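Asks: Before I ask anything, here is the structure I am working with.
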Amino acid sequence: MKSSLIITRDVVTMVLFLVFVPLFIFSQVAEAHFRVVPRSRRSLPENHQPADLPEYIAPPLEFDFYKRTCPQLPRIVEKAVAAEFAFDPTSAGPQLRLFFHDCFVQGCDASVLINSTNVNQAEKDAAINFSIGNFFVIDDIKEQLEKECPGVVSCADVLALVAVYSVKQAGGPLYDIELGRRDSLTSYAPSSETFLPAFNLEVSGLLEDFKLVGLDLVDLVVLSGGHTIGQGHCNSIINRVYPHVDPQYPKYYSDQLVANCTDNGAIKLPNYDNNTQFFNDPITPLQFDNQYYKNLKKNLGLFTSDESLFNDPRTIKLVEHYANNQDAFFKQFGVSLRKMGKIGVLTGTQGQIRKQCWVRNSHNADPALDPISLNFTDSTAN
């Protein structure tokens with residue numbers, strides 16, 4: 001009798017195991033598929049994504065993602081970037097910056113491209129994003145792609161490719177970068193104010209922002225090297241020239257900045273012109289090279305975030321290394337750029353492929369998610 005009870009109990013245990021374990025596994029998979037993933041998790045690079053998100057839901061990025069579906073993609077992007085660079089040699093900087101400003105806020109999902117609406121201020125109109133531009137380059141490329149391979153290439157991937165071809169046009173290497181991102185459905189200005197590293201931060205603050213999206217100290221120093229091209233605005237250095245000039249600037253350099261950013265060269269009033277621009281790298285401003293790090297050693301870092309890299313014991317050796325070895329900078333920049341390009345990506349069936357990069361595809365009942373853009377053109381759903 002006792003033996004019979006033991007057998008019965010074992011059978012019941014086995015039945016419960018066979019019934020409830022599959023149900024538990026299914027519930028976990030379903031949760032991973034349908035829940036809204038918090039930003040703290042979406043911000044992690046691909047190799048740090050949680051294990052409970054199966055590959056068939058969020059497949060990895062691939063180098064040859066569009067090889068069969070849109071083989072013309074690299075040619076279209078390269079020609080457009082080259083044409084703009086020939087017209088405006090300063091274009092490489094802002095086009096590279098667009099990719100940075102997109103990836104640091106809710107991931108590399110082209111949310112930075114969405115226009116504001118009458119019910120929502122989007123990322124591109126956040127105060128911290130006052131300096132970004134060249135959206136028309138992305139729009140022109142997307143228009144060509146929609147003719148060649150409609151509904152295939154995401155705006156997020158266009159941003160990534162424009163960034164690498166911009167570096168090439170400025171004299172740097174052509175970096176391979178994985179593709180397969182999809183476009184977000186939302187864009188919120190407050191997110192940019194929260195997550196983008198500010199120009200007036202020092203290393204500790206910068207590192208905190210970088211770690212939040214899964215990047216490290218090396219990534220911080222190397223990706224800051226993107227300032228070897230591009231231009232700065234007076235508003236970004238106000239803390240270094242008013243009411244007192246930062247003594248770390250060489251006098252000839254600070255005199256130029258003060259003259260450009262104040263009324264008739266005087267700093268009696270903080271009357272700055274945000275449209276005034278000057279090169280981040282005053283020595284080789286249009287060349288993607290390692291001059292940025294050489295400048296830091298001469299106290300020619302434009303922003304507080306730049307200058308602090310040579311003042312902090314955690315980063316000074318990296319600055320010296322890249323100042324002395326351009327090949328090392330080029331190699332690591334490619335590694336860090338690819339790493340950044342995997343922050344919070346949407347893949348598989350997540351998000352959508354926008355028909356026009358500045359507005360999400362229409363036909364959503366919620367006006368906050370399906371906005372009527374201030375420059376609205378209807379896009380068919382995807």
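Ordering of the structure tokens sets the chain letters (A, B, ...); residue numbers start at 1 within each chain; ligands are numbered from 1 in the order shown.
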Quick check for you: according to DSSP on this backbone, which residues of stretch 54-253 of chain A are classed as helix (DSSP H, G or I)? Reply as a tab-separated table (two decimals) with N, CA, C and O atoms, in the first residue's frame.

Replies:
chain	number	residue	atom	x	y	z
A	73	LEU	N	21.72	49.79	-52.55
A	73	LEU	CA	21.79	50.65	-51.37
A	73	LEU	C	23.13	51.34	-51.17
A	73	LEU	O	23.18	52.58	-51.05
A	74	PRO	N	24.26	50.63	-51.11
A	74	PRO	CA	25.54	51.31	-50.86
A	74	PRO	C	25.86	52.36	-51.93
A	74	PRO	O	26.34	53.46	-51.60
A	75	ARG	N	25.59	52.04	-53.18
A	75	ARG	CA	25.88	52.98	-54.27
A	75	ARG	C	25.05	54.26	-54.14
A	75	ARG	O	25.56	55.37	-54.31
A	76	ILE	N	23.77	54.09	-53.83
A	76	ILE	CA	22.88	55.26	-53.70
A	76	ILE	C	23.34	56.17	-52.57
A	76	ILE	O	23.42	57.39	-52.71
A	77	VAL	N	23.67	55.57	-51.42
A	77	VAL	CA	24.10	56.37	-50.26
A	77	VAL	C	25.44	57.05	-50.54
A	77	VAL	O	25.60	58.25	-50.28
A	78	GLU	N	26.39	56.31	-51.08
A	78	GLU	CA	27.72	56.88	-51.31
A	78	GLU	C	27.66	58.05	-52.29
A	78	GLU	O	28.29	59.09	-52.07
A	79	LYS	N	26.88	57.90	-53.37
A	79	LYS	CA	26.79	58.98	-54.36
A	79	LYS	C	26.15	60.22	-53.76
A	79	LYS	O	26.59	61.35	-54.02
A	80	ALA	N	25.12	60.04	-52.95
A	80	ALA	CA	24.44	61.18	-52.34
A	80	ALA	C	25.35	61.91	-51.35
A	80	ALA	O	25.41	63.14	-51.32
A	81	VAL	N	26.07	61.14	-50.53
A	81	VAL	CA	26.97	61.74	-49.54
A	81	VAL	C	28.13	62.45	-50.25
A	81	VAL	O	28.52	63.57	-49.85
A	82	ALA	N	28.65	61.84	-51.31
A	82	ALA	CA	29.75	62.45	-52.06
A	82	ALA	C	29.31	63.75	-52.73
A	82	ALA	O	30.05	64.75	-52.74
A	83	ALA	N	28.09	63.75	-53.28
A	83	ALA	CA	27.58	64.96	-53.94
A	83	ALA	C	27.42	66.10	-52.95
A	83	ALA	O	27.78	67.25	-53.24
A	84	GLU	N	26.91	65.81	-51.76
A	84	GLU	CA	26.73	66.85	-50.75
A	84	GLU	C	28.08	67.35	-50.25
A	84	GLU	O	28.26	68.54	-50.01
A	85	PHE	N	29.05	66.43	-50.10
A	85	PHE	CA	30.38	66.82	-49.63
A	85	PHE	C	31.07	67.71	-50.65
A	85	PHE	O	31.77	68.67	-50.28
A	86	ALA	N	30.87	67.42	-51.94
A	86	ALA	CA	31.47	68.26	-52.99
A	86	ALA	C	30.88	69.66	-52.96
A	86	ALA	O	31.58	70.66	-53.21
A	87	PHE	N	29.60	69.75	-52.63
A	87	PHE	CA	28.93	71.05	-52.54
A	87	PHE	C	29.27	71.76	-51.24
A	87	PHE	O	29.47	72.98	-51.21
A	92	ALA	N	30.17	66.51	-43.68
A	92	ALA	CA	30.50	65.22	-43.05
A	92	ALA	C	30.26	65.25	-41.54
A	92	ALA	O	29.76	64.28	-40.96
A	93	GLY	N	30.62	66.35	-40.90
A	93	GLY	CA	30.47	66.46	-39.44
A	93	GLY	C	29.03	66.32	-38.97
A	93	GLY	O	28.72	65.45	-38.15
A	94	PRO	N	28.12	67.16	-39.45
A	94	PRO	CA	26.73	67.04	-38.99
A	94	PRO	C	26.08	65.71	-39.35
A	94	PRO	O	25.20	65.24	-38.63
A	95	GLN	N	26.49	65.09	-40.45
A	95	GLN	CA	25.90	63.81	-40.83
A	95	GLN	C	26.39	62.68	-39.91
A	95	GLN	O	25.62	61.78	-39.59
A	96	LEU	N	27.63	62.76	-39.48
A	96	LEU	CA	28.12	61.81	-38.49
A	96	LEU	C	27.44	62.05	-37.15
A	96	LEU	O	27.05	61.11	-36.44
A	97	ARG	N	27.25	63.33	-36.80
A	97	ARG	CA	26.64	63.68	-35.52
A	97	ARG	C	25.19	63.17	-35.42
A	97	ARG	O	24.73	62.78	-34.35
A	98	LEU	N	24.48	63.16	-36.53
A	98	LEU	CA	23.10	62.68	-36.52
A	98	LEU	C	23.01	61.25	-35.99
A	98	LEU	O	22.09	60.90	-35.24
A	99	PHE	N	23.96	60.42	-36.38
A	99	PHE	CA	23.96	59.02	-35.95
A	99	PHE	C	24.19	58.94	-34.43
A	99	PHE	O	23.53	58.17	-33.74
A	100	PHE	N	25.10	59.74	-33.92
A	100	PHE	CA	25.36	59.79	-32.47
A	100	PHE	C	24.09	60.21	-31.73
A	100	PHE	O	23.68	59.57	-30.75
A	101	HIS	N	23.49	61.31	-32.17
A	101	HIS	CA	22.34	61.85	-31.46
A	101	HIS	C	21.13	60.92	-31.55
A	101	HIS	O	20.26	60.96	-30.68
A	102	ASP	N	21.07	60.11	-32.58
A	102	ASP	CA	19.98	59.14	-32.68
A	102	ASP	C	20.21	57.98	-31.71
A	102	ASP	O	19.33	57.62	-30.94
A	103	CYS	N	21.39	57.40	-31.74
A	103	CYS	CA	21.65	56.17	-30.99
A	103	CYS	C	21.59	56.37	-29.47
A	103	CYS	O	21.18	55.46	-28.74
A	111	SER	N	14.63	57.78	-34.49
A	111	SER	CA	13.68	58.65	-33.79
A	111	SER	C	14.07	60.11	-33.89
A	111	SER	O	13.22	61.01	-33.79
A	112	VAL	N	15.36	60.39	-34.11
A	112	VAL	CA	15.83	61.78	-34.21
A	112	VAL	C	15.33	62.46	-35.48
A	112	VAL	O	15.37	63.67	-35.59
A	113	LEU	N	14.84	61.68	-36.44
A	113	LEU	CA	14.40	62.24	-37.72
A	113	LEU	C	12.93	62.66	-37.73
A	113	LEU	O	12.50	63.40	-38.61
A	123	GLU	N	12.41	64.73	-30.80
A	123	GLU	CA	13.81	64.85	-30.42
A	123	GLU	C	14.53	65.97	-31.17
A	123	GLU	O	15.33	66.70	-30.59
A	124	LYS	N	14.28	66.08	-32.47
A	124	LYS	CA	15.05	67.04	-33.26
A	124	LYS	C	14.84	68.48	-32.81
A	124	LYS	O	15.64	69.35	-33.11
A	125	ASP	N	13.75	68.73	-32.08
A	125	ASP	CA	13.46	70.08	-31.61
A	125	ASP	C	13.81	70.29	-30.14
A	125	ASP	O	13.47	71.33	-29.55
A	127	ALA	N	16.13	71.30	-27.06
A	127	ALA	CA	17.12	72.38	-26.97
A	127	ALA	C	18.54	71.87	-27.18
A	127	ALA	O	19.36	72.52	-27.86
A	128	ILE	N	18.83	70.68	-26.67
A	128	ILE	CA	20.19	70.14	-26.78
A	128	ILE	C	20.54	69.75	-28.21
A	128	ILE	O	21.70	69.58	-28.57
A	129	ASN	N	19.51	69.61	-29.06
A	129	ASN	CA	19.72	69.24	-30.46
A	129	ASN	C	19.71	70.44	-31.39
A	129	ASN	O	19.55	70.26	-32.61
A	135	PHE	N	19.15	67.08	-42.40
A	135	PHE	CA	18.09	66.08	-42.53
A	135	PHE	C	17.72	65.86	-43.99
A	135	PHE	O	17.29	64.77	-44.37
A	136	PHE	N	17.89	66.90	-44.79
A	136	PHE	CA	17.50	66.80	-46.20
A	136	PHE	C	18.32	65.75	-46.94
A	136	PHE	O	17.85	65.15	-47.91
A	137	VAL	N	19.56	65.51	-46.50
A	137	VAL	CA	20.39	64.48	-47.13
A	137	VAL	C	19.76	63.10	-46.91
A	137	VAL	O	19.67	62.29	-47.84
A	138	ILE	N	19.31	62.85	-45.69
A	138	ILE	CA	18.64	61.59	-45.37
A	138	ILE	C	17.36	61.46	-46.19
A	138	ILE	O	17.07	60.39	-46.76
A	139	ASP	N	16.59	62.54	-46.25
A	139	ASP	CA	15.31	62.51	-46.98
A	139	ASP	C	15.52	62.24	-48.46
A	139	ASP	O	14.76	61.49	-49.08
A	140	ASP	N	16.54	62.87	-49.05
A	140	ASP	CA	16.82	62.66	-50.48
A	140	ASP	C	17.21	61.21	-50.76
A	140	ASP	O	16.77	60.62	-51.76
A	141	ILE	N	18.04	60.65	-49.89
A	141	ILE	CA	18.45	59.25	-50.06
A	141	ILE	C	17.25	58.33	-49.94
A	141	ILE	O	17.07	57.40	-50.74
A	142	LYS	N	16.43	58.58	-48.92
A	142	LYS	CA	15.25	57.74	-48.71
A	142	LYS	C	14.31	57.80	-49.91
A	142	LYS	O	13.72	56.79	-50.31
A	143	GLU	N	14.14	58.98	-50.49
A	143	GLU	CA	13.28	59.12	-51.66
A	143	GLU	C	13.79	58.27	-52.83
A	143	GLU	O	13.01	57.60	-53.52
A	144	GLN	N	15.11	58.26	-53.03
A	144	GLN	CA	15.69	57.43	-54.08
A	144	GLN	C	15.48	55.95	-53.78
A	144	GLN	O	15.16	55.15	-54.68
A	145	LEU	N	15.66	55.56	-52.53
A	145	LEU	CA	15.51	54.16	-52.15
A	145	LEU	C	14.08	53.67	-52.32
A	145	LEU	O	13.85	52.52	-52.68
A	146	GLU	N	13.13	54.54	-52.04
A	146	GLU	CA	11.73	54.14	-52.20
A	146	GLU	C	11.37	53.91	-53.67
A	146	GLU	O	10.43	53.19	-53.98
A	147	LYS	N	12.12	54.51	-54.57
A	147	LYS	CA	11.92	54.26	-56.00
A	147	LYS	C	12.59	52.96	-56.43
A	147	LYS	O	12.05	52.20	-57.24
A	148	GLU	N	13.77	52.70	-55.88
A	148	GLU	CA	14.54	51.52	-56.27
A	148	GLU	C	14.06	50.25	-55.58
A	148	GLU	O	13.96	49.19	-56.20
A	155	CYS	N	15.04	53.94	-42.25
A	155	CYS	CA	15.71	55.23	-42.06
A	155	CYS	C	16.87	55.08	-41.07
A	155	CYS	O	17.88	55.78	-41.17
A	156	ALA	N	16.71	54.18	-40.10
A	156	ALA	CA	17.78	53.94	-39.12
A	156	ALA	C	19.04	53.43	-39.80
A	156	ALA	O	20.16	53.83	-39.44
A	157	ASP	N	18.88	52.56	-40.79
A	157	ASP	CA	20.04	52.05	-41.52
A	157	ASP	C	20.62	53.11	-42.45
A	157	ASP	O	21.84	53.14	-42.70
A	158	VAL	N	19.77	53.97	-42.99
A	158	VAL	CA	20.27	55.08	-43.81
A	158	VAL	C	21.18	55.97	-42.97
A	158	VAL	O	22.26	56.38	-43.40
A	159	LEU	N	20.76	56.26	-41.74
A	159	LEU	CA	21.59	57.07	-40.84
A	159	LEU	C	22.96	56.43	-40.62
A	159	LEU	O	23.99	57.11	-40.62
A	160	ALA	N	22.96	55.12	-40.39
A	160	ALA	CA	24.22	54.40	-40.14
A	160	ALA	C	25.14	54.47	-41.36
A	160	ALA	O	26.35	54.74	-41.23
A	161	LEU	N	24.58	54.25	-42.53
A	161	LEU	CA	25.41	54.26	-43.75
A	161	LEU	C	25.88	55.67	-44.09
A	161	LEU	O	27.02	55.85	-44.54
A	162	VAL	N	25.04	56.66	-43.91
A	162	VAL	CA	25.46	58.05	-44.16
A	162	VAL	C	26.62	58.41	-43.24
A	162	VAL	O	27.56	59.10	-43.65
A	163	ALA	N	26.59	57.93	-42.01
A	163	ALA	CA	27.68	58.21	-41.07
A	163	ALA	C	29.01	57.64	-41.57
A	163	ALA	O	30.03	58.34	-41.59
A	164	VAL	N	29.01	56.38	-41.99
A	164	VAL	CA	30.28	55.77	-42.40
A	164	VAL	C	30.78	56.34	-43.73
A	164	VAL	O	31.99	56.51	-43.92
A	165	TYR	N	29.88	56.66	-44.63
A	165	TYR	CA	30.32	57.25	-45.90
A	165	TYR	C	30.75	58.71	-45.72
A	165	TYR	O	31.59	59.21	-46.48
A	166	SER	N	30.23	59.38	-44.72
A	166	SER	CA	30.67	60.74	-44.41
A	166	SER	C	32.11	60.73	-43.90
A	166	SER	O	32.92	61.60	-44.25
A	167	VAL	N	32.41	59.75	-43.05
A	167	VAL	CA	33.80	59.60	-42.57
A	167	VAL	C	34.74	59.36	-43.75
A	167	VAL	O	35.82	59.94	-43.84
A	168	LYS	N	34.31	58.52	-44.68
A	168	LYS	CA	35.15	58.23	-45.86
A	168	LYS	C	35.38	59.50	-46.68
A	168	LYS	O	36.50	59.78	-47.11
A	169	GLN	N	34.32	60.28	-46.90
A	169	GLN	CA	34.46	61.50	-47.70
A	169	GLN	C	35.42	62.49	-47.05
A	169	GLN	O	36.10	63.25	-47.74
A	189	ALA	N	11.16	64.85	-27.24
A	189	ALA	CA	12.23	65.79	-26.93
A	189	ALA	C	12.82	65.61	-25.54
A	189	ALA	O	14.05	65.68	-25.38
A	190	PRO	N	12.01	65.39	-24.48
A	190	PRO	CA	12.60	65.23	-23.15
A	190	PRO	C	13.62	64.09	-23.06
A	190	PRO	O	14.54	64.15	-22.26
A	191	SER	N	13.46	63.07	-23.90
A	191	SER	CA	14.41	61.96	-23.88
A	191	SER	C	15.80	62.43	-24.30
A	191	SER	O	16.82	61.98	-23.76
A	192	SER	N	15.86	63.32	-25.27
A	192	SER	CA	17.15	63.86	-25.71
A	192	SER	C	17.81	64.66	-24.60
A	192	SER	O	19.02	64.54	-24.37
A	193	GLU	N	17.02	65.47	-23.91
A	193	GLU	CA	17.58	66.27	-22.82
A	193	GLU	C	18.12	65.38	-21.70
A	193	GLU	O	19.07	65.72	-21.01
A	194	THR	N	17.51	64.20	-21.54
A	194	THR	CA	17.90	63.29	-20.46
A	194	THR	C	19.13	62.47	-20.81
A	194	THR	O	20.03	62.31	-19.98
A	195	PHE	N	19.21	61.97	-22.03
A	195	PHE	CA	20.20	60.94	-22.34
A	195	PHE	C	21.40	61.41	-23.17
A	195	PHE	O	22.42	60.72	-23.20
A	203	VAL	N	34.61	64.21	-17.42
A	203	VAL	CA	34.70	62.78	-17.70
A	203	VAL	C	33.71	61.96	-16.87
A	203	VAL	O	33.06	61.04	-17.39
A	204	SER	N	33.57	62.25	-15.59
A	204	SER	CA	32.67	61.44	-14.74
A	204	SER	C	31.23	61.48	-15.26
A	204	SER	O	30.56	60.45	-15.35
A	205	GLY	N	30.77	62.67	-15.61
A	205	GLY	CA	29.42	62.80	-16.13
A	205	GLY	C	29.27	62.15	-17.49
A	205	GLY	O	28.25	61.50	-17.78
A	206	LEU	N	30.27	62.33	-18.34
A	206	LEU	CA	30.24	61.71	-19.66
A	206	LEU	C	30.21	60.19	-19.55
A	206	LEU	O	29.43	59.51	-20.23
A	207	LEU	N	31.07	59.67	-18.67
A	207	LEU	CA	31.16	58.22	-18.53
A	207	LEU	C	29.85	57.63	-18.01
A	207	LEU	O	29.44	56.53	-18.41
A	208	GLU	N	29.18	58.36	-17.15
A	208	GLU	CA	27.89	57.90	-16.65
A	208	GLU	C	26.88	57.76	-17.79
A	208	GLU	O	26.15	56.77	-17.89
A	209	ASP	N	26.86	58.76	-18.69
A	209	ASP	CA	25.95	58.70	-19.84
A	209	ASP	C	26.33	57.58	-20.79
A	209	ASP	O	25.46	56.91	-21.36
A	210	PHE	N	27.62	57.37	-20.99
A	210	PHE	CA	28.07	56.32	-21.90
A	210	PHE	C	27.76	54.94	-21.33
A	210	PHE	O	27.32	54.04	-22.05
A	211	LYS	N	28.00	54.75	-20.04
A	211	LYS	CA	27.72	53.46	-19.42
A	211	LYS	C	26.23	53.12	-19.47
A	211	LYS	O	25.84	51.95	-19.55
A	212	LEU	N	25.40	54.14	-19.42
A	212	LEU	CA	23.96	53.94	-19.45
A	212	LEU	C	23.52	53.24	-20.74
A	212	LEU	O	22.53	52.51	-20.75
A	217	LEU	N	34.86	53.42	-21.20
A	217	LEU	CA	35.80	54.54	-21.20
A	217	LEU	C	36.51	54.68	-22.55
A	217	LEU	O	36.69	55.79	-23.06
A	218	VAL	N	36.92	53.56	-23.14
A	218	VAL	CA	37.57	53.61	-24.45
A	218	VAL	C	36.62	54.17	-25.50
A	218	VAL	O	37.00	55.02	-26.32
A	219	ASP	N	35.37	53.71	-25.47
A	219	ASP	CA	34.37	54.23	-26.42
A	219	ASP	C	34.20	55.74	-26.25
A	219	ASP	O	34.08	56.47	-27.23
A	220	LEU	N	34.20	56.20	-25.02
A	220	LEU	CA	34.06	57.63	-24.75
A	220	LEU	C	35.17	58.42	-25.41
A	220	LEU	O	34.91	59.41	-26.12
A	221	VAL	N	36.40	58.01	-25.20
A	221	VAL	CA	37.54	58.76	-25.75
A	221	VAL	C	37.57	58.67	-27.28
A	221	VAL	O	37.81	59.67	-27.97
A	222	VAL	N	37.29	57.49	-27.81
A	222	VAL	CA	37.38	57.29	-29.26
A	222	VAL	C	36.25	57.98	-30.00
A	222	VAL	O	36.47	58.66	-31.01
A	223	LEU	N	35.03	57.83	-29.51
A	223	LEU	CA	33.91	58.46	-30.20
A	223	LEU	C	33.95	59.98	-30.08
A	223	LEU	O	33.45	60.69	-30.96
A	224	SER	N	34.55	60.49	-29.01
A	224	SER	CA	34.76	61.94	-28.91
A	224	SER	C	35.66	62.42	-30.04
A	224	SER	O	35.59	63.59	-30.45
A	225	GLY	N	36.49	61.52	-30.55
A	225	GLY	CA	37.37	61.85	-31.68
A	225	GLY	C	36.61	62.21	-32.94
A	225	GLY	O	37.19	62.74	-33.89
A	226	GLY	N	35.29	61.94	-32.96
A	226	GLY	CA	34.47	62.39	-34.08
A	226	GLY	C	34.46	63.90	-34.20
A	226	GLY	O	34.11	64.45	-35.25
A	227	HIS	N	34.86	64.60	-33.12
A	227	HIS	CA	34.94	66.06	-33.16
A	227	HIS	C	36.12	66.53	-34.00
A	227	HIS	O	36.36	67.74	-34.09
A	228	THR	N	36.85	65.62	-34.58
A	228	THR	CA	37.92	66.03	-35.50
A	228	THR	C	37.34	66.66	-36.75
A	228	THR	O	38.04	67.36	-37.49
A	234	CYS	N	28.34	78.92	-30.43
A	234	CYS	CA	28.64	79.73	-29.25
A	234	CYS	C	27.92	79.21	-28.01
A	234	CYS	O	28.48	79.22	-26.91
A	235	ASN	N	26.69	78.77	-28.18
A	235	ASN	CA	25.91	78.31	-27.05
A	235	ASN	C	26.57	77.14	-26.33
A	235	ASN	O	26.34	76.91	-25.14
A	236	SER	N	27.40	76.40	-27.06
A	236	SER	CA	28.03	75.21	-26.49
A	236	SER	C	29.29	75.52	-25.68
A	236	SER	O	29.80	74.65	-24.98
A	238	ILE	N	29.49	78.65	-23.92
A	238	ILE	CA	29.18	79.82	-23.11
A	238	ILE	C	29.81	79.71	-21.72
A	238	ILE	O	30.26	80.70	-21.15
A	239	ASN	N	29.88	78.49	-21.19
A	239	ASN	CA	30.44	78.30	-19.86
A	239	ASN	C	31.95	78.53	-19.82
A	239	ASN	O	32.54	78.70	-18.75
A	240	ARG	N	32.60	78.58	-21.00
A	240	ARG	CA	34.05	78.73	-21.04
A	240	ARG	C	34.50	80.14	-21.44
A	240	ARG	O	35.70	80.43	-21.36
A	241	VAL	N	33.55	80.97	-21.88
A	241	VAL	CA	33.94	82.33	-22.29
A	241	VAL	C	33.16	83.44	-21.60
A	241	VAL	O	33.45	84.62	-21.80
A	251	LYS	N	45.65	82.02	-25.28
A	251	LYS	CA	45.04	83.35	-25.42
A	251	LYS	C	44.61	83.64	-26.86
A	251	LYS	O	43.53	84.20	-27.09
A	252	TYR	N	45.43	83.26	-27.84
A	252	TYR	CA	45.06	83.57	-29.23
A	252	TYR	C	43.76	82.84	-29.61
A	252	TYR	O	42.95	83.37	-30.38
A	253	TYR	N	43.56	81.65	-29.04
A	253	TYR	CA	42.38	80.87	-29.36
A	253	TYR	C	41.15	81.44	-28.65
A	253	TYR	O	40.08	81.62	-29.26

Asks: Which of these residues is nearest to A:Leu179, using only C-alpha atoms: A:Ser154, A:Gln326, A:Asn200, A:Ser308?

Replies: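 For A:Leu179, the nearest of the given residues is A:Ser154.
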
Asks: Any idea what the distance is between atom CA of A:Lys294 and atom CA of A:Ile229?

Replies: 13.8 Å

Asks: I'd like to know which of A:Asn295, A:Thr349, A:Asn324, A:Gln287 is closest to A:Pro250, using only C-alpha atoms.

Replies: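 Using only C-alpha atoms, the shortest distance to A:Pro250 belongs to A:Asn295.
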
Asks: Pick out the closest residue to A:Glu178 from this set: A:Thr347, A:Thr117, A:Ser362, A:Ser91. Count only C-alpha atoms.

Replies: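 The shortest atom-to-atom distance to A:Glu178 comes from A:Thr347.
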
Asks: Counting only C-alpha atoms, which residue out of A:Leu309, A:Val345, A:Val258, A:Cys357 sits closest to A:Asn115?

Replies: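 Result for the nearest residue to A:Asn115: A:Cys357.
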
Asks: Just how far from atom CA of A:Leu302 is atom CA of A:His244, in Å to one decimal?

Replies: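 If I compute the distance from atom CA of A:His244 to atom CA of A:Leu302, I get 15.5 Å.
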
Asks: Neighbouring residues of A:Phe288 were defined as those with any atom within 6 Å, considering only C-alpha atoms; residues of the same chain fewer than 3 positions away were excluded. Please report them as a ChimeraX atom specification.

Replies: /A:170-172,228

Asks: Using the selection just defined, write its residues with N, CA and C atoms as a PDB file, in the first residue's frame.

Replies:
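After the write, result-v5.pdb holds the following:
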ATOM      1  N   ALA A 170      35.493  62.462 -45.721  1.00  0.00           N
ATOM      2  CA  ALA A 170      36.384  63.378 -45.002  1.00  0.00           C
ATOM      3  C   ALA A 170      37.802  62.829 -44.880  1.00  0.00           C
ATOM      4  N   GLY A 171      38.079  61.742 -45.569  1.00  0.00           N
ATOM      5  CA  GLY A 171      39.441  61.212 -45.597  1.00  0.00           C
ATOM      6  C   GLY A 171      39.723  60.074 -44.649  1.00  0.00           C
ATOM      7  N   GLY A 172      38.708  59.596 -43.927  1.00  0.00           N
ATOM      8  CA  GLY A 172      38.892  58.471 -43.028  1.00  0.00           C
ATOM      9  C   GLY A 172      38.642  57.147 -43.727  1.00  0.00           C
ATOM     10  N   THR A 228      36.850  65.618 -34.584  1.00  0.00           N
ATOM     11  CA  THR A 228      37.919  66.027 -35.497  1.00  0.00           C
ATOM     12  C   THR A 228      37.342  66.663 -36.751  1.00  0.00           C
TER      13      THR A 228
END

Asks: Determine the nearest neighbour of A:Phe310 from the options A:Gln248, A:Ser131, A:Asp64, A:Val335, counting only C-alpha atoms.

Replies: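 Looking at the shortest contact to A:Phe310, the residue is A:Gln248.
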
Asks: Identify, with DSSP run on backbone atoms, the residues in stretch 143-323 of chain A assigned to strand (DSSP E or B), and express the list as a PyMOL selection string.

Replies: chain A and resi 179+182-183+231-233+263+266+277-279

Asks: To one decimal place in Å, what is the distance between atom CA of A:Ile177 and atom CA of A:Pro150?

Replies: 21.8 Å
